>>> print(open('run_12.cif').read())   # mmCIF, C-alpha atoms and all ligand atoms
data_work
loop_
_atom_site.label_atom_id
_atom_site.label_comp_id
_atom_site.auth_asym_id
_atom_site.auth_seq_id
_atom_site.Cartn_x
_atom_site.Cartn_y
_atom_site.Cartn_z
CA MET A 1 -51.41 -109.09 56.56
CA ARG A 2 -49.98 -107.79 59.81
CA GLY A 3 -46.59 -109.11 58.73
CA ALA A 4 -46.86 -107.22 55.45
CA VAL A 5 -47.72 -103.95 57.26
CA LEU A 6 -44.78 -104.42 59.64
CA PHE A 7 -42.56 -105.17 56.68
CA ALA A 8 -43.76 -101.99 54.94
CA ILE A 9 -43.06 -99.87 58.04
CA LEU A 10 -39.58 -101.37 58.42
CA PHE A 11 -38.96 -100.83 54.71
CA VAL A 12 -39.93 -97.15 54.92
CA ALA A 13 -37.85 -96.65 58.10
CA ASN A 14 -34.90 -98.33 56.46
CA GLN A 15 -35.22 -96.13 53.36
CA ALA A 16 -35.33 -93.01 55.50
CA TRP A 17 -32.18 -94.14 57.29
CA ALA A 18 -30.42 -94.97 54.04
CA ASP A 19 -31.24 -91.54 52.64
CA GLU A 20 -29.73 -89.75 55.57
CA ILE A 21 -26.72 -87.60 54.77
CA VAL A 22 -24.34 -87.39 57.71
CA ILE A 23 -21.24 -85.22 57.92
CA THR A 24 -18.76 -85.67 60.76
CA GLY A 25 -15.47 -83.93 61.45
CA ARG A 26 -14.45 -80.31 61.90
CA LEU A 27 -16.14 -77.70 59.76
CA GLU A 28 -13.49 -75.03 60.33
CA GLN A 29 -10.61 -73.37 58.49
CA GLY A 30 -7.90 -75.99 57.87
CA GLY A 31 -10.39 -78.70 58.88
CA VAL A 32 -11.52 -81.97 57.36
CA ALA A 33 -14.85 -83.80 57.39
CA VAL A 34 -16.13 -87.15 56.19
CA GLY A 35 -19.63 -87.42 54.81
CA ILE A 36 -21.85 -90.32 53.97
CA ALA A 37 -24.61 -90.23 51.38
CA PRO A 38 -26.75 -92.89 49.70
CA VAL A 39 -24.58 -95.18 47.59
CA GLY A 40 -24.43 -93.92 44.00
CA SER A 41 -24.95 -90.24 44.89
CA LYS A 42 -23.10 -87.46 43.10
CA ILE A 43 -21.48 -84.90 45.38
CA ILE A 44 -20.66 -81.34 44.40
CA PHE A 45 -18.70 -79.28 46.91
CA ASN A 46 -17.97 -75.62 46.10
CA SER A 47 -18.42 -76.48 42.37
CA ARG A 48 -16.03 -79.46 42.54
CA ALA A 49 -17.58 -82.81 41.58
CA LEU A 50 -16.50 -85.55 44.00
CA THR A 51 -16.68 -89.29 43.52
CA PRO A 52 -17.73 -91.02 46.76
CA THR A 53 -16.34 -94.40 47.83
CA GLY A 54 -18.25 -97.62 47.10
CA THR A 55 -19.94 -97.26 50.49
CA GLY A 56 -21.05 -93.67 49.84
CA GLN A 57 -18.33 -91.93 51.86
CA PHE A 58 -16.77 -88.69 50.73
CA VAL A 59 -14.09 -86.38 52.13
CA LEU A 60 -14.29 -82.58 52.38
CA GLY A 61 -11.37 -80.25 53.12
CA PHE A 62 -11.41 -76.60 54.13
CA ASP A 63 -8.67 -74.14 53.34
CA ARG A 64 -6.79 -72.02 55.91
CA ASP A 65 -8.61 -69.00 54.46
CA ALA A 66 -11.91 -70.77 53.67
CA ALA A 67 -15.00 -68.54 53.56
CA THR A 68 -17.45 -68.92 56.46
CA SER A 69 -19.88 -70.87 54.32
CA ALA A 70 -19.49 -73.64 51.75
CA GLU A 71 -21.97 -75.15 49.27
CA LEU A 72 -22.67 -78.87 49.26
CA GLU A 73 -25.02 -80.50 46.79
CA ILE A 74 -25.97 -84.17 46.87
CA LYS A 75 -27.73 -85.72 43.87
CA ARG A 76 -29.18 -89.05 44.96
CA PRO A 77 -29.41 -91.94 42.51
CA ASP A 78 -33.24 -91.69 42.69
CA GLY A 79 -33.05 -88.25 41.04
CA THR A 80 -33.76 -86.17 44.15
CA SER A 81 -31.17 -83.76 45.37
CA GLU A 82 -30.31 -81.89 48.51
CA HIS A 83 -28.50 -78.61 48.92
CA ARG A 84 -26.70 -77.73 52.13
CA GLN A 85 -24.97 -74.59 53.18
CA LEU A 86 -22.15 -75.59 55.53
CA ALA A 87 -21.03 -73.07 58.15
CA ILE A 88 -17.21 -73.05 58.35
CA GLN A 89 -15.75 -71.72 61.61
CA PRO A 90 -12.99 -69.15 61.21
CA ARG A 91 -9.77 -69.48 63.23
CA LYS A 92 -7.12 -67.07 64.48
CA TRP A 93 -3.54 -67.59 63.30
CA ALA A 94 -0.24 -66.93 65.06
CA ILE A 95 2.56 -64.76 63.71
CA GLU A 96 5.87 -66.58 63.44
CA ARG A 97 9.24 -64.92 62.81
CA VAL A 98 11.96 -67.05 61.24
CA LYS A 99 15.46 -65.60 61.08
CA GLY A 100 18.79 -66.87 59.81
CA LEU A 101 17.56 -68.43 56.55
CA PRO A 102 20.00 -68.26 53.62
CA GLN A 103 19.00 -64.96 51.96
CA ALA A 104 19.34 -66.59 48.50
CA LEU A 105 16.36 -68.85 49.33
CA VAL A 106 14.24 -66.05 50.78
CA THR A 107 14.79 -63.84 47.71
CA PRO A 108 15.94 -66.25 44.99
CA ASP A 109 17.65 -65.27 41.73
CA PRO A 110 15.59 -65.69 38.50
CA ALA A 111 17.03 -69.14 37.65
CA THR A 112 16.21 -70.46 41.15
CA GLU A 113 12.80 -68.76 40.96
CA ALA A 114 12.10 -70.73 37.75
CA ARG A 115 13.10 -74.02 39.42
CA ILE A 116 10.85 -73.21 42.40
CA ALA A 117 7.95 -72.53 40.00
CA ALA A 118 8.56 -75.90 38.28
CA ASP A 119 8.67 -77.68 41.68
CA ASN A 120 5.38 -76.01 42.70
CA LYS A 121 3.73 -77.02 39.43
CA LEU A 122 4.83 -80.65 39.90
CA MET A 123 3.56 -80.71 43.53
CA ALA A 124 0.22 -79.20 42.46
CA ALA A 125 -0.21 -81.84 39.73
CA VAL A 126 0.63 -84.66 42.16
CA ARG A 127 -1.90 -83.34 44.71
CA GLU A 128 -4.63 -82.98 42.12
CA ARG A 129 -4.36 -86.67 41.11
CA THR A 130 -6.16 -89.11 43.33
CA GLU A 131 -6.78 -92.83 43.80
CA ALA A 132 -10.26 -94.31 44.12
CA VAL A 133 -9.10 -96.48 47.06
CA PRO A 134 -9.95 -95.27 50.59
CA PHE A 135 -6.48 -95.81 52.07
CA TYR A 136 -7.29 -92.94 54.47
CA GLU A 137 -9.57 -95.35 56.36
CA SER A 138 -6.44 -96.56 58.24
CA GLY A 139 -6.59 -93.21 60.05
CA PHE A 140 -3.51 -91.05 60.57
CA ILE A 141 -0.58 -91.11 63.01
CA ARG A 142 2.01 -88.42 63.79
CA PRO A 143 4.84 -89.37 61.40
CA ALA A 144 7.84 -88.63 63.64
CA GLU A 145 8.84 -88.18 67.27
CA GLY A 146 9.95 -84.69 68.26
CA ARG A 147 9.10 -81.22 69.47
CA ILE A 148 6.46 -79.24 67.54
CA SER A 149 8.47 -76.29 66.23
CA GLY A 150 5.91 -74.80 63.84
CA VAL A 151 2.12 -74.97 63.62
CA PHE A 152 -0.35 -74.77 60.76
CA GLY A 153 -1.63 -71.42 59.60
CA SER A 154 0.89 -69.05 61.15
CA GLN A 155 1.74 -65.93 59.22
CA ARG A 156 5.45 -66.19 58.50
CA ILE A 157 7.97 -63.41 58.53
CA LEU A 158 11.19 -64.76 56.98
CA ASN A 159 14.34 -62.75 57.72
CA GLY A 160 12.03 -59.81 58.47
CA VAL A 161 9.94 -60.08 55.26
CA PRO A 162 6.24 -61.18 55.46
CA ARG A 163 5.67 -64.34 53.37
CA ALA A 164 3.02 -66.96 52.64
CA PRO A 165 1.51 -68.59 55.74
CA HIS A 166 2.92 -71.86 57.07
CA VAL A 167 0.64 -74.66 55.91
CA GLY A 168 2.06 -77.68 57.71
CA LEU A 169 3.20 -79.00 61.07
CA ASP A 170 6.92 -78.84 61.87
CA ILE A 171 8.38 -81.61 64.01
CA ALA A 172 11.96 -80.91 65.11
CA GLY A 173 14.33 -83.78 65.78
CA PRO A 174 17.93 -84.88 65.24
CA VAL A 175 19.03 -85.59 61.66
CA GLY A 176 18.33 -89.24 60.90
CA THR A 177 15.20 -89.56 63.11
CA PRO A 178 12.92 -92.00 61.25
CA ILE A 179 9.84 -90.68 59.48
CA HIS A 180 6.84 -93.00 59.15
CA ALA A 181 3.95 -93.07 56.71
CA ALA A 182 1.04 -91.34 58.50
CA ALA A 183 -1.54 -93.63 56.86
CA ASP A 184 -1.75 -96.45 54.32
CA GLY A 185 -1.26 -95.26 50.76
CA ILE A 186 0.78 -95.12 47.58
CA VAL A 187 3.89 -92.96 47.16
CA SER A 188 2.98 -90.42 44.49
CA LEU A 189 6.22 -88.41 44.61
CA ALA A 190 9.72 -89.19 45.87
CA LYS A 191 12.13 -86.48 44.76
CA ALA A 192 15.47 -85.54 46.31
CA ASP A 193 16.36 -82.24 44.65
CA MET A 194 13.52 -79.78 45.22
CA VAL A 195 14.70 -76.21 45.86
CA LEU A 196 12.61 -75.16 48.87
CA THR A 197 11.38 -78.53 50.13
CA GLY A 198 14.62 -80.51 49.61
CA GLN A 199 14.19 -84.29 49.79
CA SER A 200 10.44 -84.64 49.47
CA VAL A 201 7.83 -87.41 49.55
CA VAL A 202 4.09 -87.28 48.86
CA ILE A 203 1.81 -90.19 49.79
CA GLU A 204 -1.63 -90.56 48.24
CA HIS A 205 -4.38 -91.79 50.61
CA GLY A 206 -7.30 -91.74 48.20
CA PHE A 207 -10.31 -89.46 47.63
CA GLY A 208 -8.16 -86.34 47.52
CA LEU A 209 -6.13 -86.82 50.71
CA ASP A 210 -2.33 -86.67 50.48
CA THR A 211 0.42 -86.33 53.07
CA VAL A 212 3.65 -84.44 52.33
CA TYR A 213 7.03 -84.96 54.06
CA ILE A 214 9.78 -82.47 53.35
CA HIS A 215 13.33 -81.34 54.31
CA MET A 216 14.37 -84.98 54.77
CA SER A 217 17.98 -86.21 54.95
CA ALA A 218 17.09 -89.51 53.26
CA ILE A 219 14.24 -91.01 51.25
CA ARG A 220 13.49 -94.72 51.79
CA VAL A 221 10.63 -95.19 49.30
CA SER A 222 10.16 -94.80 45.57
CA ASP A 223 7.44 -93.49 43.30
CA GLY A 224 4.44 -95.80 42.99
CA GLN A 225 5.34 -97.87 46.07
CA ARG A 226 2.50 -99.09 48.26
CA VAL A 227 3.06 -98.25 51.95
CA LYS A 228 1.38 -99.22 55.19
CA GLN A 229 0.85 -96.84 58.08
CA GLY A 230 4.04 -96.73 60.18
CA ASP A 231 6.42 -97.85 57.42
CA VAL A 232 9.69 -95.89 57.47
CA ILE A 233 9.71 -93.61 54.43
CA GLY A 234 12.71 -91.41 55.22
CA ALA A 235 14.63 -89.51 57.90
CA ILE A 236 14.52 -86.02 59.40
CA GLY A 237 16.94 -83.56 57.83
CA GLN A 238 17.47 -79.97 56.86
CA SER A 239 17.38 -80.12 53.06
CA GLY A 240 15.81 -77.25 51.08
CA ARG A 241 14.80 -74.04 52.87
CA ALA A 242 15.10 -74.99 56.55
CA ASN A 243 16.86 -73.29 59.45
CA GLY A 244 17.33 -76.48 61.49
CA PRO A 245 16.63 -80.21 61.20
CA HIS A 246 12.90 -80.87 61.20
CA LEU A 247 10.13 -82.64 59.34
CA HIS A 248 7.58 -80.39 57.69
CA PHE A 249 4.46 -82.57 57.61
CA GLY A 250 1.63 -81.43 55.39
CA VAL A 251 -1.83 -82.85 54.70
CA THR A 252 -3.75 -81.79 51.63
CA TRP A 253 -7.16 -82.42 50.13
CA PHE A 254 -6.45 -81.95 46.43
CA ASN A 255 -4.66 -78.57 46.55
CA THR A 256 -6.37 -77.44 49.74
CA ARG A 257 -3.97 -77.38 52.69
CA LEU A 258 -5.37 -78.91 55.88
CA ASP A 259 -4.19 -78.57 59.46
CA PRO A 260 -2.36 -81.86 60.17
CA GLU A 261 -3.30 -81.69 63.86
CA THR A 262 -6.99 -81.44 62.93
CA VAL A 263 -6.66 -84.39 60.55
CA LEU A 264 -4.98 -86.47 63.32
CA ALA A 265 -7.87 -85.59 65.66
CA VAL A 266 -10.71 -86.18 63.15
CA LEU A 267 -9.24 -89.31 61.53
CA PRO A 268 -7.21 -91.08 64.26
CA ALA A 269 -5.51 -94.43 63.57
CA LYS A 270 -7.84 -97.39 63.83
ZN ZN A 301 7.18 -76.29 57.98
#
>>> encode(input="run_12.cif", output="structure tokens", more="lines below")
Ligand SMILES: [Zn+2]
Amino acid sequence: MRGAVLFAILFVANQAWADEIVITGRLEQGGVAVGIAPVGSKIIFNSRALTPTGTGQFVLGFDRDAATSAELEIKRPDGTSEHRQLAIQPRKWAIERVKGLPQALVTPDPATEARIAADNKLMAAVRERTEAVPFYESGFIRPAEGRISGVFGSQRILNGVPRAPHVGLDIAGPVGTPIHAAADGIVSLAKADMVLTGQSVVIEHGFGLDTVYIHMSAIRVSDGQRVKQGDVIGAIGQSGRANGPHLHFGVTWFNTRLDPETVLAVLPAK
């Protein structure tokens, strides 16, 4: 009898633990967080339905301009649900002036404009696709050696004209410097002739997370290829719209741009 009571208490305690929803990471603009919910839960984040991993993990990403609160709903397999309002910390962004860019790329002609629009559409479609394999669990490494020459979020003024904010991390280095896969994944785009981004690679890390590598001088992987963290995928260059050799490294959660430095801090290599 005593054994049965003890068993019942342990069972209840265990259930309470299993029902716990835990979110870790950085709830801030450009940030990323990983949540865990009871296996089989349905997750809805800002009206987007997310499929958690087989162990109940899910990934959340917050835009550079994310509102200060986000809606998270968790529908447990037992039919109960929980609603959480997440407070998202705002950040302050730098102003960055870039001069000396070819004027034709800053204000393109209509034909170039159409090619840029097609490139953007392709990138958006690639980012929206995702794999149900948690490759991101390898954690992330900085993909190249070099000086940080541009940070995430800065408001850009190109040749004196205000433009869209910078949504990646720029790592400057000599042409030919090797670029490594930041995490395990599958190459979801390897394209040499993009107008603004030049030789470009996207790697899919599962559950919405992608990394983007642009302005390369060489691509060493092909579409659909499986890569391990650290594999050489290309080399630093100056292709596309770039005013010097550097890697523009981007991290996205679907089409939400994340701060690569935050992702490196929240999800470090194992
Ligand atoms: Zn950049």
>>> residues_around(input="run_12.cif", residues="segment 65-82 of chain A", least_positions_apart="2", cutoff="6 Å", atoms="only C-alpha atoms", output="PyMOL selection string")
chain A and resi 29+40-46+62-63+84-88
>>> closest_residue(input="run_12.cif", among="A:Leu27, A:Leu196, A:Ala117, A:Ala124", to="ligand ZN 301 (chain A)", atoms="all atoms listed in the file")
A:Leu196
>>> residues_near_ligand(input="run_12.cif", ligand="ligand ZN 301 (chain A)", cutoff="10 Å", atoms="all atoms listed in the file", output="MDAnalysis selection string")
chainID A and resid 149:152 165:172 197 213:215 241:242 246:250
>>> atom_distance(input="run_12.cif", atom1="atom CA of Ile23 of chain A", atom2="atom CA of Phe254 of chain A")
19.0 Å
>>> residues_around(input="run_12.cif", residues="segment 131-147 of chain A", least_positions_apart="4", cutoff="8 Å", atoms="all atoms listed in the file", output="ChimeraX atom specification")
/A:53,171-173,177-185,204-209,229-230,247,249,263-264,267-270
>>> write_last_selection(input="run_12.cif", atoms="C-alpha atoms", output="compact mmCIF listing (two decimals), in the frame of the given file")
# COMPACT_ATOMS: atom_id res chain seq x y z
CA THR A 53 -16.34 -94.40 47.83
CA ILE A 171 8.38 -81.61 64.01
CA ALA A 172 11.96 -80.91 65.11
CA GLY A 173 14.33 -83.78 65.78
CA THR A 177 15.20 -89.56 63.11
CA PRO A 178 12.92 -92.00 61.25
CA ILE A 179 9.84 -90.68 59.48
CA HIS A 180 6.84 -93.00 59.15
CA ALA A 181 3.95 -93.07 56.71
CA ALA A 182 1.04 -91.34 58.50
CA ALA A 183 -1.54 -93.63 56.86
CA ASP A 184 -1.75 -96.45 54.32
CA GLY A 185 -1.26 -95.26 50.76
CA GLU A 204 -1.63 -90.56 48.24
CA HIS A 205 -4.38 -91.79 50.61
CA GLY A 206 -7.30 -91.74 48.20
CA PHE A 207 -10.31 -89.46 47.63
CA GLY A 208 -8.16 -86.34 47.52
CA LEU A 209 -6.13 -86.82 50.71
CA GLN A 229 0.85 -96.84 58.08
CA GLY A 230 4.04 -96.73 60.18
CA LEU A 247 10.13 -82.64 59.34
CA PHE A 249 4.46 -82.57 57.61
CA VAL A 263 -6.66 -84.39 60.55
CA LEU A 264 -4.98 -86.47 63.32
CA LEU A 267 -9.24 -89.31 61.53
CA PRO A 268 -7.21 -91.08 64.26
CA ALA A 269 -5.51 -94.43 63.57
CA LYS A 270 -7.84 -97.39 63.83
>>> atom_distance(input="run_12.cif", atom1="atom CA of Asp259 of chain A", atom2="atom CA of Val201 of chain A")
17.9 Å
>>> closest_atom_pairs(input="run_12.cif", of="segment 157-197 of chain A", to="segment 95-111 of chain A", cutoff="7 Å", atoms="all atoms listed in the file", output="tab-separated table")
residue	atom	partner	partner_atom	distance
A:Ile157	CA	A:Arg97	CA	4.7
A:Leu158	CA	A:Val98	CA	4.9
A:Asn159	CA	A:Lys99	CA	4.5
>>> residues_around(input="run_12.cif", residues="Ile219 of chain A", least_positions_apart="5", cutoff="10 Å", atoms="all atoms listed in the file", output="list in words")
Ile179, Ala190, Lys191, Ala192, Gln199, Ser200, Val201, Tyr213, Ile214, Val232, Ile233, Gly234, Ala235 and Ile236 of chain A
>>> atom_distance(input="run_12.cif", atom1="atom CA of Val195 of chain A", atom2="atom CA of Met123 of chain A")
12.2 Å
>>> residues_around(input="run_12.cif", residues="Gln225 of chain A", least_positions_apart="4", cutoff="10 Å", atoms="only C-alpha atoms", output="list in words")
Gly185, Ile186, Val187, Ser188, Leu189, Ala190, Ile203 and Val221 of chain A
